[in-house]
file target.cif (mmCIF, C-alpha atoms)
data_entry
loop_
_atom_site.label_atom_id
_atom_site.label_comp_id
_atom_site.auth_asym_id
_atom_site.auth_seq_id
_atom_site.Cartn_x
_atom_site.Cartn_y
_atom_site.Cartn_z
CA MET I 6 0.00 0.00 0.00
CA THR I 7 1.40 3.37 -1.03
CA ARG I 8 0.79 6.59 0.93
CA ILE I 9 -0.65 9.06 -1.59
CA ALA I 10 -1.71 12.69 -1.37
CA TRP I 11 -4.19 13.96 -3.98
CA ILE I 12 -4.67 17.71 -4.36
CA GLY I 13 -7.69 18.87 -6.37
CA LEU I 14 -11.00 17.02 -6.53
CA GLY I 15 -12.59 18.46 -9.65
CA VAL I 16 -14.32 16.54 -12.42
CA MET I 17 -11.18 14.53 -13.12
CA GLY I 18 -9.37 14.51 -9.77
CA TYR I 19 -12.27 13.17 -7.69
CA PRO I 20 -12.66 9.86 -9.56
CA MET I 21 -8.93 9.48 -10.25
CA ALA I 22 -8.13 9.70 -6.53
CA GLY I 23 -11.01 7.30 -5.95
CA HIS I 24 -9.46 4.69 -8.27
CA LEU I 25 -6.27 4.81 -6.19
CA ALA I 26 -8.22 4.40 -2.94
CA LYS I 27 -10.22 1.49 -4.40
CA ALA I 28 -6.92 -0.15 -5.37
CA GLY I 29 -6.04 -0.23 -1.66
CA HIS I 30 -3.70 2.76 -1.37
CA ASP I 31 -3.71 5.06 1.65
CA VAL I 32 -5.03 8.28 0.07
CA THR I 33 -5.30 11.70 1.73
CA VAL I 34 -7.01 14.42 -0.30
CA TYR I 35 -7.06 18.21 -0.23
CA ASN I 36 -9.58 20.41 -1.99
CA ARG I 37 -10.38 24.11 -1.67
CA SER I 38 -13.93 23.07 -0.88
CA THR I 39 -13.66 21.18 2.39
CA ALA I 40 -17.17 19.79 1.89
CA LYS I 41 -16.07 18.09 -1.34
CA ALA I 42 -12.99 16.63 0.36
CA ALA I 43 -15.16 15.33 3.20
CA ALA I 44 -17.60 13.77 0.71
CA TRP I 45 -14.70 12.08 -1.11
CA ALA I 46 -13.32 10.71 2.18
CA LYS I 47 -16.72 9.34 3.11
CA GLU I 48 -17.28 7.76 -0.32
CA PHE I 49 -13.83 6.18 -0.71
CA GLY I 50 -12.75 5.66 2.91
CA GLY I 51 -9.71 7.92 2.65
CA LYS I 52 -8.72 10.97 4.66
CA SER I 53 -9.02 14.69 3.98
CA ALA I 54 -6.53 17.37 4.98
CA ALA I 55 -6.99 21.07 5.72
CA THR I 56 -4.05 22.22 3.56
CA PRO I 57 -1.97 20.89 0.65
CA ALA I 58 1.03 20.68 3.02
CA ALA I 59 -0.95 18.59 5.50
CA ALA I 60 -2.03 16.22 2.71
CA ALA I 61 1.55 15.89 1.40
CA THR I 62 3.15 15.25 4.80
CA GLY I 63 4.44 11.67 4.81
CA ALA I 64 3.17 10.88 1.31
CA GLU I 65 5.32 8.78 -1.01
CA ILE I 66 3.54 10.21 -4.05
CA VAL I 67 1.77 13.57 -4.28
CA PHE I 68 -0.64 14.13 -7.18
CA SER I 69 -2.18 17.46 -8.16
CA CYS I 70 -5.04 18.03 -10.57
CA VAL I 71 -6.16 21.67 -10.40
CA GLY I 72 -7.49 24.27 -12.82
CA ALA I 73 -4.66 26.41 -14.17
CA ASP I 74 -1.13 27.76 -13.67
CA ASN I 75 -1.95 30.07 -10.74
CA ASP I 76 -4.03 27.38 -9.03
CA LEU I 77 -1.07 25.04 -9.31
CA ARG I 78 1.32 27.62 -7.90
CA GLY I 79 -1.07 28.17 -4.98
CA VAL I 80 -1.27 24.53 -3.92
CA THR I 81 2.43 23.83 -4.43
CA VAL I 82 4.53 26.88 -3.49
CA GLY I 83 1.87 29.15 -1.97
CA GLN I 84 1.09 29.46 1.73
CA ASP I 85 0.77 25.91 3.16
CA GLY I 86 1.79 24.56 -0.26
CA ALA I 87 2.59 20.89 -0.72
CA PHE I 88 6.23 21.38 -1.75
CA GLY I 89 7.27 22.51 1.71
CA ALA I 90 6.07 19.20 3.20
CA MET I 91 7.69 16.87 0.65
CA SER I 92 10.86 15.07 1.61
CA SER I 93 13.70 13.76 -0.53
CA GLY I 94 12.63 10.82 -2.69
CA THR I 95 8.96 11.81 -2.83
CA TYR I 96 7.29 11.62 -6.25
CA TYR I 97 5.29 14.63 -7.39
CA VAL I 98 2.89 14.01 -10.28
CA ASP I 99 1.06 17.00 -11.75
CA CYS I 100 -2.04 16.03 -13.74
CA THR I 101 -3.06 19.64 -14.42
CA THR I 102 -3.07 20.80 -18.03
CA THR I 103 -0.81 23.79 -17.46
CA SER I 104 1.80 25.73 -19.39
CA ALA I 105 5.33 24.51 -19.99
CA ASP I 106 6.49 27.70 -18.25
CA VAL I 107 4.93 26.73 -14.92
CA ALA I 108 6.30 23.19 -15.24
CA ARG I 109 9.83 24.58 -15.67
CA GLU I 110 9.24 27.03 -12.82
CA LEU I 111 8.13 24.30 -10.41
CA ALA I 112 10.78 21.79 -11.48
CA LYS I 113 13.63 23.83 -9.99
CA PRO I 114 12.58 23.80 -6.30
CA LEU I 115 11.71 20.10 -6.62
CA GLN I 116 15.11 19.29 -8.07
CA GLU I 117 16.74 21.16 -5.18
CA ARG I 118 14.72 19.07 -2.69
CA ASP I 119 15.46 15.81 -4.55
CA VAL I 120 11.77 15.30 -5.33
CA ILE I 121 11.02 13.37 -8.52
CA PHE I 122 8.71 15.45 -10.74
CA LEU I 123 6.45 13.94 -13.37
CA MET I 124 4.37 16.31 -15.47
CA HIS I 125 1.51 14.02 -16.34
CA PRO I 126 -1.46 16.05 -17.59
CA TYR I 127 -4.73 14.34 -18.30
CA ARG I 128 -5.46 14.47 -22.03
CA ALA I 129 -7.71 17.42 -22.78
CA GLY I 130 -10.92 16.46 -24.50
CA ASN I 131 -11.29 13.07 -22.81
CA PRO I 132 -14.78 13.40 -21.31
CA GLU I 133 -14.81 10.33 -19.09
CA PRO I 134 -12.21 9.98 -16.33
CA ARG I 135 -14.71 8.06 -14.22
CA THR I 136 -13.84 4.64 -15.62
CA ALA I 137 -10.51 3.13 -14.66
CA ASN I 138 -9.53 2.33 -18.25
CA SER I 139 -10.41 5.62 -19.96
CA ARG I 140 -7.25 7.57 -19.10
CA SER I 141 -4.97 9.01 -21.74
CA TRP I 142 -1.87 10.70 -20.35
CA TRP I 143 1.56 11.80 -21.49
CA ALA I 144 4.51 12.61 -19.28
CA GLY I 145 7.58 14.76 -18.87
CA ILE I 146 10.08 14.06 -16.09
CA ASN I 147 13.07 15.61 -14.37
CA ARG I 148 15.14 12.37 -14.17
CA PRO I 149 15.15 8.82 -15.55
CA LEU I 150 12.62 6.65 -13.72
CA ILE I 151 14.74 3.61 -14.36
CA MET I 152 16.99 4.91 -11.57
CA SER I 153 14.14 5.23 -9.08
CA PRO I 154 10.82 3.61 -10.10
CA PRO I 155 7.72 4.91 -8.29
CA PRO I 156 6.15 2.72 -5.58
CA LEU I 157 2.88 2.43 -7.51
CA THR I 158 1.59 0.27 -10.34
CA LEU I 159 -1.04 1.82 -12.57
CA SER I 160 -3.70 -0.30 -14.20
CA PRO I 161 -3.64 -0.50 -17.99
CA ALA I 162 -5.03 2.52 -19.81
CA ARG I 163 -6.19 3.06 -23.36
CA SER I 164 -4.55 5.55 -25.64
CA HIS I 165 -6.12 6.28 -29.00
CA GLY I 166 -8.06 3.03 -28.86
CA LYS I 167 -5.02 0.80 -28.22
CA ALA I 168 -4.20 -0.88 -24.94
CA MET I 169 -1.15 0.64 -23.32
CA SER I 170 0.83 -1.15 -20.62
CA ALA I 171 1.66 0.72 -17.44
CA GLN I 172 4.86 -1.31 -17.08
CA ALA I 173 8.12 0.56 -17.35
CA LYS I 174 10.07 0.16 -20.57
CA ARG I 175 13.72 0.92 -21.09
CA PRO I 176 14.00 4.55 -22.22
CA ARG I 177 15.85 5.45 -25.40
CA TRP I 178 18.48 8.03 -24.56
#
call {"tool": "encode", "arguments": {"input": "target.cif", "output": "structure tokens"}}
result
Amino acid sequence: MTRIAWIGLGVMGYPMAGHLAKAGHDVTVYNRSTAKAAAWAKEFGGKSAATPAAAATGAEIVFSCVGADNDLRGVTVGQDGAFGAMSSGTYYVDCTTTSADVARELAKPLQERDVIFLMHPYRAGNPEPRTANSRSWWAGINRPLIMSPPPLTLSPARSHGKAMSAQAKRPRW
């Protein structure tokens, strides 16, 4: 069981965090609307936190799925942001569809803290994140995962109608 923090329970984040909880992981969520976080915790049996930092404390993997660049800055480097609570070796996975500029901006403090950063935005235009096999993601990363694989196995996902394995493959570099 992996300790996971999930920040942002919108249309996509709510069910995605739920899939992780249903898979048996220890999930703590944060959402600006505390009522929504409480509803998620009741539905999926996880925990809710009062701040992004509180959610991220002790997590092995921290996911975020928020609205836009400034929202992402707020939950990561803002007051009580998650980055301040992450320790060396933590994985940070951003599922927000944000600009490349904010990804580069946030990568620097994570690199300095030895946090592994995966930019993993949910594919825009995919209307149905509620089913476990309807995800379509792409990723950017600040280091080779082969050196430090994440402590989480994702279920298979479909990409453009083809099954895609979640198993790691040797990168070509």
call {"tool": "resolve_selection", "arguments": {"input": "target.cif", "expression": "the PyMOL selection byres ((chain I and resi 74) around 8)", "output": "CSV table (one decimal) with C-alpha atoms, keeping the file's coordinate frame"}}
result
chain,number,residue,atom,x,y,z
I,72,GLY,CA,-7.5,24.3,-12.8
I,73,ALA,CA,-4.7,26.4,-14.2
I,75,ASN,CA,-2.0,30.1,-10.7
I,76,ASP,CA,-4.0,27.4,-9.0
I,77,LEU,CA,-1.1,25.0,-9.3
I,78,ARG,CA,1.3,27.6,-7.9
I,103,THR,CA,-0.8,23.8,-17.5
I,104,SER,CA,1.8,25.7,-19.4
I,107,VAL,CA,4.9,26.7,-14.9
call {"tool": "atom_distance", "arguments": {"input": "target.cif", "atom1": "atom CA of I:Phe68", "atom2": "atom CA of I:Asp99"}}
result
5.7 Å
call {"tool": "closest_residue", "arguments": {"input": "target.cif", "among": "I:Val98, I:Phe88, I:Val32, I:Met6", "to": "I:Val71", "atoms": "all atoms listed in the file"}}
result
I:Val98
call {"tool": "atom_distance", "arguments": {"input": "target.cif", "atom1": "atom CA of I:Ile121", "atom2": "atom CA of I:Tyr97"}}
result
6.0 Å
call {"tool": "residues_near_point", "arguments": {"input": "target.cif", "point": "(-10.5, 14.5, -9.3)", "cutoff": "12 Å", "atoms": "all atoms listed in the file", "output": "count of residues only"}}
result
33
call {"tool": "residues_around", "arguments": {"input": "target.cif", "residues": "stretch 26-29 of chain I", "least_positions_apart": "6", "cutoff": "8 Å", "atoms": "all atoms listed in the file", "output": "PyMOL selection string"}}
result
chain I and resi 6+49-51
call {"tool": "build_atoms", "arguments": {"input": "target.cif", "residues": "stretch 6-17 of chain I", "atoms": "all heavy atoms", "output": "PDB file, keeping the file's coordinate frame"}}
result
ATOM      1  N   MET I   6       0.853  -1.174   0.000  1.00  0.00           N
ATOM      2  CA  MET I   6       0.000   0.000   0.000  1.00  0.00           C
ATOM      3  C   MET I   6       0.901   1.240   0.000  1.00  0.00           C
ATOM      4  O   MET I   6       1.810   1.354   0.806  1.00  0.00           O
ATOM      5  CB  MET I   6      -0.908  -0.024   1.213  1.00  0.00           C
ATOM      6  CG  MET I   6      -1.743   1.219   1.359  1.00  0.00           C
ATOM      7  SD  MET I   6      -2.981   1.139   2.662  1.00  0.00           S
ATOM      8  CE  MET I   6      -2.016   0.875   4.113  1.00  0.00           C
ATOM      9  N   THR I   7       0.619   2.144  -0.887  1.00  0.00           N
ATOM     10  CA  THR I   7       1.400   3.370  -1.030  1.00  0.00           C
ATOM     11  C   THR I   7       0.650   4.527  -0.375  1.00  0.00           C
ATOM     12  O   THR I   7      -0.558   4.653  -0.526  1.00  0.00           O
ATOM     13  CB  THR I   7       1.620   3.667  -2.526  1.00  0.00           C
ATOM     14  OG1 THR I   7       2.263   2.536  -3.115  1.00  0.00           O
ATOM     15  CG2 THR I   7       2.475   4.890  -2.732  1.00  0.00           C
ATOM     16  N   ARG I   8       1.381   5.386   0.348  1.00  0.00           N
ATOM     17  CA  ARG I   8       0.790   6.590   0.930  1.00  0.00           C
ATOM     18  C   ARG I   8       0.761   7.678  -0.145  1.00  0.00           C
ATOM     19  O   ARG I   8       1.809   8.089  -0.648  1.00  0.00           O
ATOM     20  CB  ARG I   8       1.598   7.052   2.138  1.00  0.00           C
ATOM     21  CG  ARG I   8       1.448   6.155   3.345  1.00  0.00           C
ATOM     22  CD  ARG I   8       2.210   6.703   4.542  1.00  0.00           C
ATOM     23  NE  ARG I   8       3.510   7.256   4.193  1.00  0.00           N
ATOM     24  CZ  ARG I   8       4.672   6.626   4.313  1.00  0.00           C
ATOM     25  NH1 ARG I   8       4.726   5.421   4.794  1.00  0.00           N
ATOM     26  NH2 ARG I   8       5.805   7.217   3.958  1.00  0.00           N
ATOM     27  N   ILE I   9      -0.444   8.122  -0.486  1.00  0.00           N
ATOM     28  CA  ILE I   9      -0.650   9.060  -1.590  1.00  0.00           C
ATOM     29  C   ILE I   9      -1.399  10.291  -1.096  1.00  0.00           C
ATOM     30  O   ILE I   9      -2.358  10.178  -0.334  1.00  0.00           O
ATOM     31  CB  ILE I   9      -1.448   8.388  -2.723  1.00  0.00           C
ATOM     32  CG1 ILE I   9      -0.644   7.225  -3.304  1.00  0.00           C
ATOM     33  CG2 ILE I   9      -1.828   9.397  -3.808  1.00  0.00           C
ATOM     34  CD1 ILE I   9      -1.419   6.372  -4.283  1.00  0.00           C
ATOM     35  N   ALA I  10      -0.959  11.456  -1.576  1.00  0.00           N
ATOM     36  CA  ALA I  10      -1.710  12.690  -1.370  1.00  0.00           C
ATOM     37  C   ALA I  10      -2.291  13.078  -2.722  1.00  0.00           C
ATOM     38  O   ALA I  10      -1.607  12.977  -3.744  1.00  0.00           O
ATOM     39  CB  ALA I  10      -0.807  13.801  -0.857  1.00  0.00           C
ATOM     40  N   TRP I  11      -3.548  13.495  -2.750  1.00  0.00           N
ATOM     41  CA  TRP I  11      -4.190  13.960  -3.980  1.00  0.00           C
ATOM     42  C   TRP I  11      -4.724  15.361  -3.714  1.00  0.00           C
ATOM     43  O   TRP I  11      -5.532  15.559  -2.813  1.00  0.00           O
ATOM     44  CB  TRP I  11      -5.321  13.039  -4.416  1.00  0.00           C
ATOM     45  CG  TRP I  11      -5.741  13.379  -5.807  1.00  0.00           C
ATOM     46  CD1 TRP I  11      -6.516  14.435  -6.193  1.00  0.00           C
ATOM     47  CD2 TRP I  11      -5.345  12.719  -6.994  1.00  0.00           C
ATOM     48  NE1 TRP I  11      -6.635  14.460  -7.552  1.00  0.00           N
ATOM     49  CE2 TRP I  11      -5.917  13.407  -8.072  1.00  0.00           C
ATOM     50  CE3 TRP I  11      -4.551  11.605  -7.247  1.00  0.00           C
ATOM     51  CZ2 TRP I  11      -5.748  13.023  -9.396  1.00  0.00           C
ATOM     52  CZ3 TRP I  11      -4.391  11.214  -8.567  1.00  0.00           C
ATOM     53  CH2 TRP I  11      -4.975  11.922  -9.621  1.00  0.00           C
ATOM     54  N   ILE I  12      -4.278  16.313  -4.529  1.00  0.00           N
ATOM     55  CA  ILE I  12      -4.670  17.710  -4.360  1.00  0.00           C
ATOM     56  C   ILE I  12      -5.511  18.135  -5.553  1.00  0.00           C
ATOM     57  O   ILE I  12      -5.023  18.156  -6.684  1.00  0.00           O
ATOM     58  CB  ILE I  12      -3.416  18.605  -4.239  1.00  0.00           C
ATOM     59  CG1 ILE I  12      -2.607  18.166  -3.016  1.00  0.00           C
ATOM     60  CG2 ILE I  12      -3.802  20.072  -4.168  1.00  0.00           C
ATOM     61  CD1 ILE I  12      -1.225  18.749  -2.951  1.00  0.00           C
ATOM     62  N   GLY I  13      -6.776  18.433  -5.314  1.00  0.00           N
ATOM     63  CA  GLY I  13      -7.690  18.870  -6.370  1.00  0.00           C
ATOM     64  C   GLY I  13      -8.705  17.799  -6.712  1.00  0.00           C
ATOM     65  O   GLY I  13      -8.356  16.782  -7.309  1.00  0.00           O
ATOM     66  N   LEU I  14      -9.945  18.018  -6.325  1.00  0.00           N
ATOM     67  CA  LEU I  14     -11.000  17.020  -6.530  1.00  0.00           C
ATOM     68  C   LEU I  14     -12.074  17.549  -7.481  1.00  0.00           C
ATOM     69  O   LEU I  14     -13.262  17.511  -7.190  1.00  0.00           O
ATOM     70  CB  LEU I  14     -11.634  16.640  -5.191  1.00  0.00           C
ATOM     71  CG  LEU I  14     -10.688  15.960  -4.210  1.00  0.00           C
ATOM     72  CD1 LEU I  14     -11.378  15.778  -2.861  1.00  0.00           C
ATOM     73  CD2 LEU I  14     -10.202  14.629  -4.758  1.00  0.00           C
ATOM     74  N   GLY I  15     -11.646  17.995  -8.639  1.00  0.00           N
ATOM     75  CA  GLY I  15     -12.590  18.460  -9.650  1.00  0.00           C
ATOM     76  C   GLY I  15     -13.181  17.276 -10.420  1.00  0.00           C
ATOM     77  O   GLY I  15     -13.153  16.132  -9.961  1.00  0.00           O
ATOM     78  N   VAL I  16     -13.678  17.559 -11.586  1.00  0.00           N
ATOM     79  CA  VAL I  16     -14.320  16.540 -12.420  1.00  0.00           C
ATOM     80  C   VAL I  16     -13.394  15.355 -12.685  1.00  0.00           C
ATOM     81  O   VAL I  16     -13.833  14.206 -12.712  1.00  0.00           O
ATOM     82  CB  VAL I  16     -14.796  17.171 -13.755  1.00  0.00           C
ATOM     83  CG1 VAL I  16     -15.264  16.121 -14.732  1.00  0.00           C
ATOM     84  CG2 VAL I  16     -15.896  18.183 -13.494  1.00  0.00           C
ATOM     85  N   MET I  17     -12.131  15.616 -12.863  1.00  0.00           N
ATOM     86  CA  MET I  17     -11.180  14.530 -13.120  1.00  0.00           C
ATOM     87  C   MET I  17     -10.511  14.023 -11.849  1.00  0.00           C
ATOM     88  O   MET I  17     -10.348  12.820 -11.667  1.00  0.00           O
ATOM     89  CB  MET I  17     -10.131  14.979 -14.132  1.00  0.00           C
ATOM     90  CG  MET I  17     -10.737  15.227 -15.502  1.00  0.00           C
ATOM     91  SD  MET I  17      -9.534  15.575 -16.775  1.00  0.00           S
ATOM     92  CE  MET I  17      -9.049  17.232 -16.367  1.00  0.00           C
TER      93      MET I  17
END
